[in-house]
Structures are given as structure tokens and as C-alpha cells.
>>> print(open('run_28.txt').read())   # compact mmCIF, C-alpha atoms and all ligand atoms
# COMPACT_ATOMS: atom_id res chain seq x y z
CA MET A 19 -112.81 102.12 -68.29
CA LEU A 20 -110.25 103.73 -70.59
CA THR A 21 -111.35 106.30 -73.14
CA GLY A 22 -109.87 108.92 -75.49
CA GLN A 23 -106.11 109.33 -75.47
CA ASP A 24 -105.62 106.76 -72.72
CA LEU A 25 -107.40 104.12 -74.76
CA ALA A 26 -105.37 105.03 -77.87
CA ALA A 27 -102.11 104.81 -75.89
CA PHE A 28 -103.17 101.53 -74.30
CA ARG A 29 -103.89 100.00 -77.72
CA GLY A 30 -100.70 101.40 -79.24
CA ASN A 31 -98.50 100.08 -76.42
CA LEU A 32 -99.99 96.60 -76.48
CA LEU A 33 -99.89 96.21 -80.26
CA ALA A 34 -96.31 97.50 -80.49
CA TRP A 35 -95.24 95.07 -77.77
CA PHE A 36 -97.01 92.16 -79.50
CA ARG A 37 -95.54 92.93 -82.91
CA HIS A 38 -92.07 93.10 -81.44
CA PHE A 39 -92.08 90.33 -78.83
CA GLN A 40 -94.67 87.77 -79.95
CA ARG A 41 -93.59 84.16 -79.90
CA ASP A 42 -92.97 82.61 -83.31
CA LEU A 43 -95.72 80.00 -83.49
CA PRO A 44 -96.66 78.06 -86.64
CA TRP A 45 -100.28 79.25 -86.67
CA ARG A 46 -99.11 82.86 -86.56
CA ARG A 47 -97.62 82.48 -90.03
CA THR A 48 -100.99 82.02 -91.71
CA ARG A 49 -104.42 83.61 -92.04
CA ASP A 50 -105.97 80.47 -93.52
CA PRO A 51 -109.22 80.01 -91.54
CA TYR A 52 -108.81 76.23 -91.51
CA ARG A 53 -105.39 76.50 -89.86
CA VAL A 54 -106.46 79.25 -87.48
CA TRP A 55 -109.48 77.18 -86.46
CA LEU A 56 -107.37 74.04 -85.96
CA SER A 57 -104.90 75.90 -83.73
CA GLU A 58 -107.67 77.45 -81.65
CA VAL A 59 -109.34 74.09 -81.09
CA MET A 60 -106.06 72.38 -80.19
CA LEU A 61 -105.11 75.19 -77.81
CA GLN A 62 -108.29 74.82 -75.74
CA GLN A 63 -107.18 73.49 -72.34
CA THR A 64 -103.76 72.57 -73.76
CA ARG A 65 -100.35 74.25 -73.50
CA VAL A 66 -98.73 75.83 -76.55
CA THR A 67 -95.61 73.66 -76.34
CA ALA A 68 -97.72 70.49 -76.34
CA VAL A 69 -99.81 71.67 -79.28
CA VAL A 70 -97.03 72.60 -81.76
CA PRO A 71 -95.98 69.05 -82.82
CA TYR A 72 -99.61 67.87 -82.98
CA TYR A 73 -100.56 70.86 -85.11
CA GLU A 74 -97.75 70.18 -87.57
CA ARG A 75 -98.40 66.43 -87.81
CA PHE A 76 -102.14 66.98 -88.22
CA LEU A 77 -101.63 69.41 -91.08
CA GLU A 78 -99.19 67.12 -92.82
CA ARG A 79 -101.86 64.44 -92.93
CA PHE A 80 -104.88 66.77 -93.37
CA PRO A 81 -103.58 69.85 -95.19
CA ASN A 82 -107.08 71.18 -95.89
CA LEU A 83 -110.73 70.91 -94.93
CA HIS A 84 -111.51 68.38 -97.64
CA ALA A 85 -108.80 65.98 -96.49
CA LEU A 86 -110.08 66.20 -92.91
CA ALA A 87 -113.72 65.78 -93.91
CA ALA A 88 -112.98 62.68 -96.00
CA ALA A 89 -110.70 60.88 -93.50
CA PRO A 90 -111.78 57.86 -91.40
CA GLU A 91 -112.60 59.06 -87.86
CA GLN A 92 -110.13 56.58 -86.38
CA GLU A 93 -107.32 58.22 -88.35
CA VAL A 94 -108.29 61.66 -87.04
CA LEU A 95 -108.36 60.34 -83.48
CA ARG A 96 -105.01 58.60 -83.93
CA LEU A 97 -103.38 61.90 -84.86
CA TRP A 98 -105.06 63.54 -81.86
CA SER A 99 -104.03 60.72 -79.58
CA GLY A 100 -102.32 62.10 -76.45
CA LEU A 101 -103.71 65.62 -76.78
CA GLY A 102 -106.78 64.76 -74.68
CA TYR A 103 -110.38 66.03 -74.79
CA TYR A 104 -111.12 63.90 -77.84
CA ARG A 105 -114.54 65.40 -78.37
CA ARG A 106 -112.66 68.33 -79.89
CA ALA A 107 -111.28 66.10 -82.66
CA ARG A 108 -114.63 64.50 -83.38
CA ASN A 109 -116.37 67.89 -83.53
CA LEU A 110 -113.61 69.27 -85.72
CA GLN A 111 -114.13 66.57 -88.29
CA LYS A 112 -117.94 66.83 -88.14
CA ALA A 113 -117.67 70.60 -88.67
CA ALA A 114 -115.31 70.04 -91.63
CA GLN A 115 -117.92 67.71 -93.14
CA GLN A 116 -120.59 70.36 -92.47
CA ILE A 117 -118.50 72.99 -94.29
CA VAL A 118 -118.08 70.69 -97.28
CA ALA A 119 -121.80 69.79 -97.35
CA GLU A 120 -123.32 73.19 -96.55
CA HIS A 121 -120.75 75.78 -97.66
CA GLY A 122 -119.20 74.14 -100.72
CA GLY A 123 -115.95 73.51 -98.83
CA GLU A 124 -115.32 77.25 -98.25
CA PHE A 125 -114.86 78.25 -94.63
CA PRO A 126 -117.87 80.49 -93.81
CA SER A 127 -117.18 84.11 -92.86
CA ARG A 128 -120.56 85.06 -91.37
CA ARG A 129 -120.71 84.89 -87.59
CA GLU A 130 -124.03 82.99 -87.44
CA GLU A 131 -122.69 80.41 -89.89
CA VAL A 132 -119.45 79.95 -87.98
CA LEU A 133 -121.40 79.61 -84.73
CA GLY A 134 -123.54 76.96 -86.43
CA LEU A 135 -120.50 74.70 -86.89
CA ARG A 136 -120.17 71.73 -84.58
CA GLY A 137 -118.13 72.55 -81.45
CA VAL A 138 -117.70 76.26 -82.25
CA GLY A 139 -118.67 78.71 -79.49
CA ASN A 140 -118.34 82.47 -79.07
CA TYR A 141 -114.63 82.41 -78.31
CA THR A 142 -113.59 80.23 -81.26
CA ALA A 143 -115.86 82.10 -83.67
CA ALA A 144 -114.40 85.46 -82.59
CA ALA A 145 -110.84 84.15 -82.90
CA ILE A 146 -111.35 82.75 -86.44
CA LEU A 147 -113.32 85.74 -87.70
CA SER A 148 -110.85 88.30 -86.36
CA ILE A 149 -107.60 86.52 -87.25
CA ALA A 150 -108.56 85.02 -90.62
CA PHE A 151 -111.07 87.63 -91.82
CA GLU A 152 -110.11 90.77 -89.82
CA GLN A 153 -113.67 91.10 -88.51
CA LYS A 154 -114.36 93.17 -85.41
CA HIS A 155 -115.04 90.55 -82.75
CA ALA A 156 -113.25 90.56 -79.39
CA VAL A 157 -112.20 87.21 -77.91
CA LEU A 158 -112.80 86.36 -74.29
CA ASP A 159 -111.37 83.17 -72.82
CA GLY A 160 -109.79 82.41 -69.45
CA ASN A 161 -106.51 84.14 -70.33
CA VAL A 162 -108.10 87.30 -71.68
CA ALA A 163 -110.61 87.41 -68.80
CA ARG A 164 -107.73 87.32 -66.31
CA VAL A 165 -106.01 90.23 -68.06
CA MET A 166 -109.27 92.21 -68.16
CA ALA A 167 -109.96 91.47 -64.50
CA ARG A 168 -106.52 92.73 -63.49
CA LEU A 169 -106.69 95.79 -65.71
CA GLY A 170 -110.03 96.76 -64.18
CA ALA A 171 -109.42 95.34 -60.65
CA VAL A 172 -112.53 93.17 -61.06
CA ARG A 173 -113.23 90.99 -58.03
CA GLY A 174 -115.39 87.88 -57.70
CA ASP A 175 -115.99 84.81 -59.84
CA LEU A 176 -115.24 85.83 -63.43
CA ARG A 177 -117.36 82.98 -64.80
CA ALA A 178 -120.52 84.28 -63.09
CA ARG A 179 -122.84 85.07 -66.00
CA ARG A 180 -123.29 88.82 -65.51
CA ARG A 181 -119.62 89.41 -64.66
CA TRP A 182 -118.53 87.45 -67.72
CA GLN A 183 -120.86 89.56 -69.88
CA LYS A 184 -119.35 92.74 -68.39
CA LEU A 185 -115.87 91.47 -69.20
CA GLN A 186 -117.01 90.74 -72.75
CA ASN A 187 -118.36 94.31 -72.99
CA SER A 188 -115.00 95.69 -71.81
CA ALA A 189 -113.13 93.43 -74.26
CA ASP A 190 -115.40 94.72 -77.07
CA ALA A 191 -114.73 98.34 -76.04
CA TYR A 192 -110.95 97.83 -75.93
CA LEU A 193 -110.78 96.00 -79.29
CA ASP A 194 -108.60 97.80 -81.81
CA THR A 195 -111.01 97.79 -84.74
CA LYS A 196 -108.24 98.58 -87.25
CA SER A 197 -106.34 95.35 -86.41
CA PRO A 198 -108.79 93.01 -84.66
CA GLY A 199 -106.75 89.89 -85.47
CA ASP A 200 -103.50 91.22 -84.05
CA TRP A 201 -105.35 92.82 -81.15
CA ASN A 202 -106.97 89.60 -80.04
CA GLN A 203 -103.70 87.74 -80.36
CA ALA A 204 -101.94 90.47 -78.39
CA MET A 205 -104.42 90.14 -75.52
CA MET A 206 -104.01 86.36 -75.54
CA GLU A 207 -100.23 86.67 -75.70
CA LEU A 208 -100.18 89.04 -72.73
CA GLY A 209 -102.31 86.58 -70.74
CA ALA A 210 -100.12 83.65 -71.74
CA THR A 211 -96.78 85.31 -70.99
CA LEU A 212 -96.43 88.40 -68.75
CA CYS A 213 -99.89 88.35 -67.19
CA ALA A 214 -99.80 84.64 -66.39
CA PRO A 215 -101.97 83.18 -63.59
CA ARG A 216 -99.12 83.26 -61.05
CA SER A 217 -96.73 86.14 -60.42
CA PRO A 218 -97.63 88.61 -63.19
CA GLN A 219 -94.53 90.38 -64.48
CA CYS A 220 -95.88 93.90 -64.18
CA LEU A 221 -92.42 95.50 -64.46
CA LEU A 222 -92.18 94.29 -68.08
CA CYS A 223 -95.80 94.89 -68.97
CA PRO A 224 -96.47 97.33 -71.84
CA VAL A 225 -99.80 98.43 -70.33
CA ALA A 226 -98.82 98.55 -66.66
CA GLN A 227 -99.56 102.28 -66.43
CA PHE A 228 -103.23 101.55 -67.22
CA CYS A 229 -103.61 98.61 -64.83
CA GLU A 230 -105.86 99.22 -61.85
CA GLY A 231 -105.01 95.84 -60.29
CA ARG A 232 -101.31 96.74 -60.23
CA LYS A 233 -102.03 100.24 -58.87
CA GLN A 234 -104.03 98.74 -56.01
CA GLY A 235 -101.34 96.11 -55.37
CA ILE A 236 -103.79 93.24 -55.89
CA ALA A 237 -102.80 92.05 -59.38
CA ASP A 238 -101.50 88.68 -58.20
CA LEU A 239 -104.64 88.11 -56.10
CA LEU A 240 -106.85 88.36 -59.17
CA PRO A 241 -108.86 86.64 -60.41
CA GLU A 242 -110.26 85.58 -57.05
CA LYS A 243 -110.46 81.83 -56.55
CA ARG A 244 -113.62 80.03 -57.62
CA LYS A 245 -115.16 77.35 -55.47
CA LYS A 246 -113.65 74.07 -56.66
CA ARG A 247 -115.81 71.12 -57.51
CA ALA A 248 -115.15 68.28 -55.09
CA THR A 249 -112.75 65.65 -56.43
CA VAL A 250 -114.24 62.28 -57.33
CA ASP A 251 -111.92 59.31 -56.83
CA ILE A 252 -112.17 56.51 -59.38
CA ARG A 253 -110.40 53.21 -58.98
CA LEU A 254 -109.89 50.90 -61.96
CA ALA A 255 -108.11 47.65 -62.78
CA ALA A 256 -106.70 46.96 -66.25
CA ALA A 257 -105.54 43.77 -67.94
CA VAL A 258 -102.38 44.18 -70.01
CA PHE A 259 -101.88 40.99 -71.97
CA ALA A 260 -98.42 40.36 -73.42
CA ASP A 261 -97.59 37.44 -75.69
CA GLU A 262 -94.15 36.11 -76.54
CA ARG A 263 -93.79 38.56 -79.43
CA GLY A 264 -94.56 41.56 -77.21
CA GLN A 265 -98.07 41.99 -78.64
CA THR A 266 -100.95 43.13 -76.45
CA LEU A 267 -104.74 43.40 -76.82
CA LEU A 268 -106.71 46.63 -77.05
CA LEU A 269 -110.49 46.87 -77.06
CA PRO A 270 -112.22 49.18 -79.50
CA PRO A 271 -114.09 52.38 -78.60
CA PRO A 272 -117.48 51.54 -77.09
CA GLU A 273 -119.59 52.52 -80.09
CA GLN A 274 -117.84 49.80 -82.09
CA ARG A 275 -118.41 47.14 -79.43
CA ASN A 276 -121.28 44.85 -78.75
CA THR A 277 -123.49 45.40 -75.71
CA GLU A 278 -121.96 42.45 -73.87
CA GLN A 279 -118.60 44.20 -73.88
CA LEU A 280 -120.17 47.42 -72.63
CA VAL A 281 -120.64 45.87 -69.19
CA ASP A 282 -118.48 47.81 -66.74
CA TYR A 283 -117.25 50.12 -69.46
CA VAL A 284 -115.47 53.08 -67.92
CA PRO A 285 -115.72 56.18 -70.11
CA THR A 286 -113.19 58.26 -68.20
CA LEU A 287 -110.49 55.77 -68.99
CA ALA A 288 -111.11 55.27 -72.65
CA SER A 289 -112.28 58.68 -73.86
CA ASN A 290 -114.10 56.63 -76.50
CA LEU A 291 -110.76 55.36 -77.80
CA TRP A 292 -108.96 52.02 -77.88
CA HIS A 293 -108.08 50.76 -74.42
CA PHE A 294 -107.01 47.79 -72.32
CA PRO A 295 -109.76 45.59 -70.83
CA THR A 296 -110.63 47.69 -67.79
CA VAL A 297 -113.14 47.57 -64.99
CA SER A 298 -114.10 49.81 -62.07
CA VAL A 299 -113.14 48.41 -58.69
CA ASN A 300 -114.20 48.83 -55.08
CA GLY A 301 -112.95 45.58 -53.59
CA ASP A 302 -110.33 43.06 -54.68
CA PRO A 303 -109.10 44.17 -58.15
CA VAL A 304 -108.02 40.65 -59.16
CA VAL A 305 -111.44 39.16 -58.46
CA LYS A 306 -113.17 42.00 -60.28
CA LEU A 307 -110.84 41.87 -63.27
CA ARG A 308 -111.14 38.08 -63.63
CA GLY A 309 -114.93 38.47 -63.59
CA HIS A 310 -114.68 41.17 -66.24
CA LEU A 311 -112.49 39.01 -68.48
CA ARG A 312 -115.05 36.21 -68.15
CA LYS A 313 -117.73 38.64 -69.35
CA LEU A 314 -115.52 39.43 -72.30
CA GLN A 315 -115.49 35.68 -72.92
CA ILE A 316 -111.79 35.23 -72.26
CA GLN A 317 -112.33 31.73 -71.10
CA ASN A 318 -109.05 30.01 -71.75
CA GLN A 319 -107.54 29.29 -68.38
CA ASN A 320 -108.94 32.55 -67.02
CA GLY A 321 -108.75 31.16 -63.51
CA HIS A 322 -105.07 30.45 -64.04
CA LEU A 323 -104.03 33.52 -65.97
CA PRO A 324 -100.82 34.73 -64.33
CA PHE A 325 -101.71 38.19 -63.05
CA VAL A 326 -98.58 40.20 -62.18
CA ARG A 327 -99.25 43.43 -60.36
CA VAL A 328 -97.73 46.52 -61.95
CA ASP A 329 -97.13 49.96 -60.39
CA LYS A 330 -100.30 51.96 -60.02
CA VAL A 331 -100.98 54.67 -62.54
CA ARG A 332 -102.57 57.97 -61.55
CA HIS A 333 -104.31 60.37 -63.85
CA THR A 334 -106.52 63.41 -63.42
CA VAL A 335 -109.31 64.44 -65.76
CA THR A 336 -110.91 67.71 -64.59
CA TYR A 337 -112.40 66.82 -61.16
CA ARG A 338 -111.84 63.08 -61.49
CA SER A 339 -108.83 61.55 -59.83
CA ILE A 340 -108.26 58.16 -61.44
CA THR A 341 -106.07 55.38 -60.07
CA VAL A 342 -105.50 52.35 -62.27
CA GLU A 343 -104.12 49.09 -60.95
CA PRO A 344 -102.69 47.38 -64.04
CA PHE A 345 -101.97 43.65 -64.17
CA ARG A 346 -99.53 42.24 -66.68
CA ILE A 347 -100.69 38.91 -68.01
CA ALA A 348 -98.00 36.99 -69.90
CA VAL A 349 -99.51 34.46 -72.31
CA LYS A 350 -98.21 32.29 -75.12
CA LYS A 351 -101.00 33.32 -77.39
CA LEU A 352 -103.31 36.30 -77.00
CA PRO A 353 -106.92 35.36 -76.28
CA ARG A 354 -109.51 36.14 -78.92
CA ILE A 355 -111.99 38.90 -78.18
CA LYS A 356 -114.45 39.99 -80.81
CA GLY A 357 -113.42 43.37 -82.24
CA ALA A 358 -110.15 43.55 -80.26
CA GLU A 359 -106.88 44.34 -82.02
CA SER A 360 -103.45 42.94 -81.34
CA VAL A 361 -100.77 45.69 -81.31
CA PRO A 362 -97.15 45.90 -80.05
CA LEU A 363 -97.20 46.83 -76.35
CA ASP A 364 -94.36 49.28 -76.93
CA GLU A 365 -96.21 50.93 -79.81
CA ILE A 366 -99.88 51.05 -78.89
CA THR A 367 -100.25 54.45 -80.55
CA VAL A 368 -100.69 52.73 -83.90
CA LEU A 369 -104.32 52.94 -82.73
CA PRO A 370 -105.97 56.04 -81.21
CA VAL A 371 -105.51 55.74 -77.43
CA SER A 372 -105.84 58.13 -74.49
CA ASN A 373 -102.98 59.42 -72.36
CA LEU A 374 -104.11 57.19 -69.54
CA THR A 375 -103.90 54.09 -71.74
CA ARG A 376 -100.38 55.12 -72.73
CA LYS A 377 -99.42 55.47 -69.07
CA VAL A 378 -100.75 51.98 -68.33
CA ALA A 379 -98.71 50.56 -71.23
CA ARG A 380 -95.57 52.34 -70.00
CA ALA A 381 -96.08 50.98 -66.47
CA ALA A 382 -96.45 47.43 -67.82
CA LEU A 383 -93.32 47.78 -69.98
CA ALA A 384 -91.31 49.18 -67.06
CA ALA A 385 -92.40 46.28 -64.84
CA ALA A 386 -91.38 43.75 -67.51
CA SER A 387 -87.93 45.26 -68.00
CA GLU A 388 -87.40 45.42 -64.23
CA GLN A 389 -88.33 41.77 -63.98
CA ARG A 390 -85.87 40.85 -66.77
CA SER A 391 -82.99 42.75 -65.13
CA ARG A 392 -83.38 40.92 -61.83
S1 LIG A 401 -99.59 95.34 -65.11
FE1 LIG A 401 -99.35 93.27 -64.39
S2 LIG A 401 -101.39 92.63 -63.80
FE2 LIG A 401 -101.63 94.45 -65.04
S3 LIG A 401 -101.97 93.67 -67.11
FE3 LIG A 401 -99.78 94.01 -66.90
S4 LIG A 401 -98.90 92.05 -66.20
FE4 LIG A 401 -101.14 91.99 -65.91
>>> encode(input="run_28.txt", output="C-alpha cells", more="lines below")
Ligand code: SF4
Amino acid sequence: MLTGQDLAAFRGNLLAWFRHFQRDLPWRRTRDPYRVWLSEVMLQQTRVTAVVPYYERFLERFPNLHALAAAPEQEVLRLWSGLGYYRRARNLQKAAQQIVAEHGGEFPSRREEVLGLRGVGNYTAAAILSIAFEQKHAVLDGNVARVMARLGAVRGDLRARRRWQKLQNSADAYLDTKSPGDWNQAMMELGATLCAPRSPQCLLCPVAQFCEGRKQGIADLLPEKRKKRATVDIRLAAAVFADERGQTLLLPPPEQRNTEQLVDYVPTLASNLWHFPTVSVNGDPVVKLRGHLRKLQIQNQNGHLPFVRVDKVRHTVTYRSITVEPFRIAVKKLPRIKGAESVPLDEITVLPVSNLTRKVARAALAAASEQRSR
């Protein structure tokens, strides 16, 4: 553990490096807690480059807490569509409504109040409070934990409860209390750039002289691998209707559907968003999908609907490995399903849809254009 002059030099080096070399990111140009909060939520489990356009679009439509709180949930989800982990968007809006109802629309600045907001945990609270309010709270997420583990040559599973608490204690002790916002961002920036998971660039690192992992030659072996959860394979079949005008049918999120339609609902596919009629499969996908369409009361010529097999789509959500077998079903007129919406197949994002649903649409469009060019 660094103390005295070493600690002062360590802080000075890292802050100077951050202030000189930090990436120019839109959320770094503001201290508005709403914007800081939005960026932190979007950045959870998502790369910076993917987040930037979503962040900008979201703020154009919802420039402040009140606009977000008052919006229809479907509109919020539509703007989140493609970013994944949709619970984040739902929680974000619920927390915005909480702030309006309980804090008069002013973002709270007391830790207990921030932690009381929907979807806000220790990391997000520390990030908002330090960056927007300059309060002395050290952040600890996967990136910062990796940096701390390398600096201190910490072995073992970092997420083990006691080890994580020790890392939090070290992060608290290292925090530069004069500039907590910049300090936290500097630690995150180091973890996201030079001290990345693979091949840390120790030769360029501003704090290399203080790094025990580098001294021991084990920096790139840390953090030690955790035991992985076994992968679960999921096989699905999806019906992509296409009428003569290029329109298709999407089913609504499950909470808007009747119980009949909930039969065989597959949550991993839909993320509670709009999706193609889909069913889980362990035998013949055509038989299973026809049965599913019958349950959805798509009666008209169901037995004769022309199912054309489309390239399989693969998608991974945490430990789930999903394979979808889409079938393109060309029809003169789209069947009627209660609650379903007709949207252009090449523009399904007019409704909030998951990345997997987009992939299925792309596969169906590619198959159709291949068929036309033959
Ligand atoms: S010296 Fe290397 S391992 Fe240590 S903090 Fe810097 S980049 Fe990370």
C-alpha cells in the first residue's frame, strides 16, 4: 500500500496523465448529474464507441430529467434499442420519475438518496457523486478492480466478497480527495486504455514505477481467471412474415400481450421488446413454429404457409448461446394478430427491438435479396 510521498507522486502522475491524454468524450464536457448518470448507465457492459451515438440521440430527445420522466416507456426503449440490457433503460426512467416525485426534479446529492434510486448501486452512486458533485467517493468496477489488482499484485477471484471489499478499501485510500471526479475518471481511463484486460502497456503507464504486478512480471496474468458459468444452448425458431409491400409483423413485449400469446414466450430473445413470433425448439422447427402460429390464432392457410428457411442467426447473452432458425413467410396480406404491429421489414427499429431481432430481420432481408438475384 502506498503512503506519504509515494502516494502523492502516484496521484500526481496519474492525474497529470489523465488531464493531458484523456479521450474527448461527450460526457466529459459536463458535470450535469443527469448526463453523468446517463453515461454511467449506458457504459455498463457496453463499449465507449457503441455508447457515444446512443448518448447523443438520447439527450436530443430527453435533454433533462423531466423529459425522460414524462416520456412513454416505449419511446425510451426505442432510443435504447440495440444497446442491450434493457432493464437499464427501464430503471433509468423509473428513477427519473422517482426524482421528480420525491426530490422535486432536482438530482439528489446525498449518498443514501442516490442509492435509493432505482437501478443505482455503489459504483454508479460513487461515479455521479464524485464527478457531478466532487464528493469523496472512490469508484470500483471491473476496470478499476483490474488496475488495483495489478498495482497491488492481488491474486484470486476479485469478485469474492472479502477481496472485493479490500479492493474498495484500497481504492478509497488512493482517492485524491482534492479532485475525486477527475481521480475516478483517471482510474477508469487507465483501465480502459493502457491497463486493458489483455497486454497492458506498462511502458507507457504513468504509474508503472508503483506497480507491483509489473515488478513481479505478472501484470498480464492478473486478474486471475474466474470459473466460468457453463454455457446454456438455446434453440429458437422465428416466423418472419413479409407481404408484397415489404411489411412484416412484430409482437408486442409480453406485458402488453394476453396470456394466450405468452405460451412459449422466450424472454432471452425479446428482452421484453417487440419481436417476431418465436418459439423454443428441440425437434423439427417447422412443426413447432406452425404449432406456435396456431396458438397465436394465425389460422389462414397456416398449414400451407410457405416457410422458406433463412440462414441461422447466432447471438450470445451472458452465458446463453442462442441459435435462431428464422423462416421467411411471403404472404399477400399479413395475418391479423391481436396487439401485433405491421412495420417495414427493412426498418423494424421504428419499434423498440433487441439486437437479436435486428439480426433475424437482416438475415431474412439478405435471403430475399439473394433469392431475387438468382
Ligand atoms: S504498469 Fe502496467 S499493469 Fe501496472 S497499472 Fe500500469 S499498465 Fe497496469
>>> residues_near_ligand(input="run_28.txt", ligand="ligand LIG 401 (chain A)", cutoff="12 Å", atoms="only C-alpha atoms and all ligand atoms", output="ChimeraX atom specification")
/A:28,31-32,35,161-172,204-241
>>> residues_near_point(input="run_28.txt", point="(-112.7, 45.0, -78.8)", cutoff="7 Å", atoms="all atoms listed in the file", output="PDB file with C-alpha atoms, in the frame of the given file")
ATOM      1  CA  LEU A 268    -106.710  46.630 -77.050  1.00  0.00           C
ATOM      2  CA  LEU A 269    -110.490  46.870 -77.060  1.00  0.00           C
ATOM      3  CA  PRO A 270    -112.220  49.180 -79.500  1.00  0.00           C
ATOM      4  CA  ARG A 275    -118.410  47.140 -79.430  1.00  0.00           C
ATOM      5  CA  ILE A 355    -111.990  38.900 -78.180  1.00  0.00           C
ATOM      6  CA  LYS A 356    -114.450  39.990 -80.810  1.00  0.00           C
ATOM      7  CA  GLY A 357    -113.420  43.370 -82.240  1.00  0.00           C
ATOM      8  CA  ALA A 358    -110.150  43.550 -80.260  1.00  0.00           C
ATOM      9  CA  GLU A 359    -106.880  44.340 -82.020  1.00  0.00           C
TER      10      GLU A 359
END
>>> closest_atom_pairs(input="run_28.txt", of="region 64-182 of chain A", to="region 368-385 of chain A", cutoff="7 Å", atoms="all atoms listed in the file", output="Markdown table")
| residue | atom | partner | partner_atom | distance |
| --- | --- | --- | --- | --- |
| A:Gln92 | CA | A:Pro370 | CA | 6.7 |
| A:Leu95 | CA | A:Pro370 | CA | 5.4 |
| A:Arg96 | CA | A:Pro370 | CA | 3.9 |
| A:Ser99 | CA | A:Pro370 | CA | 5.3 |
| A:Gly100 | CA | A:Asn373 | CA | 4.9 |
| A:Gly102 | CA | A:Ser372 | CA | 6.7 |
>>> residues_around(input="run_28.txt", residues="Pro44 (chain A)", least_positions_apart="5", cutoff="10 Å", atoms="only C-alpha atoms", output="number ranges by chain")
A: 53-54, 57, 70-71, 73-74
>>> atom_distance(input="run_28.txt", atom1="CA of Gly174 (chain A)", atom2="CA of Glu242 (chain A)")
5.7 Å
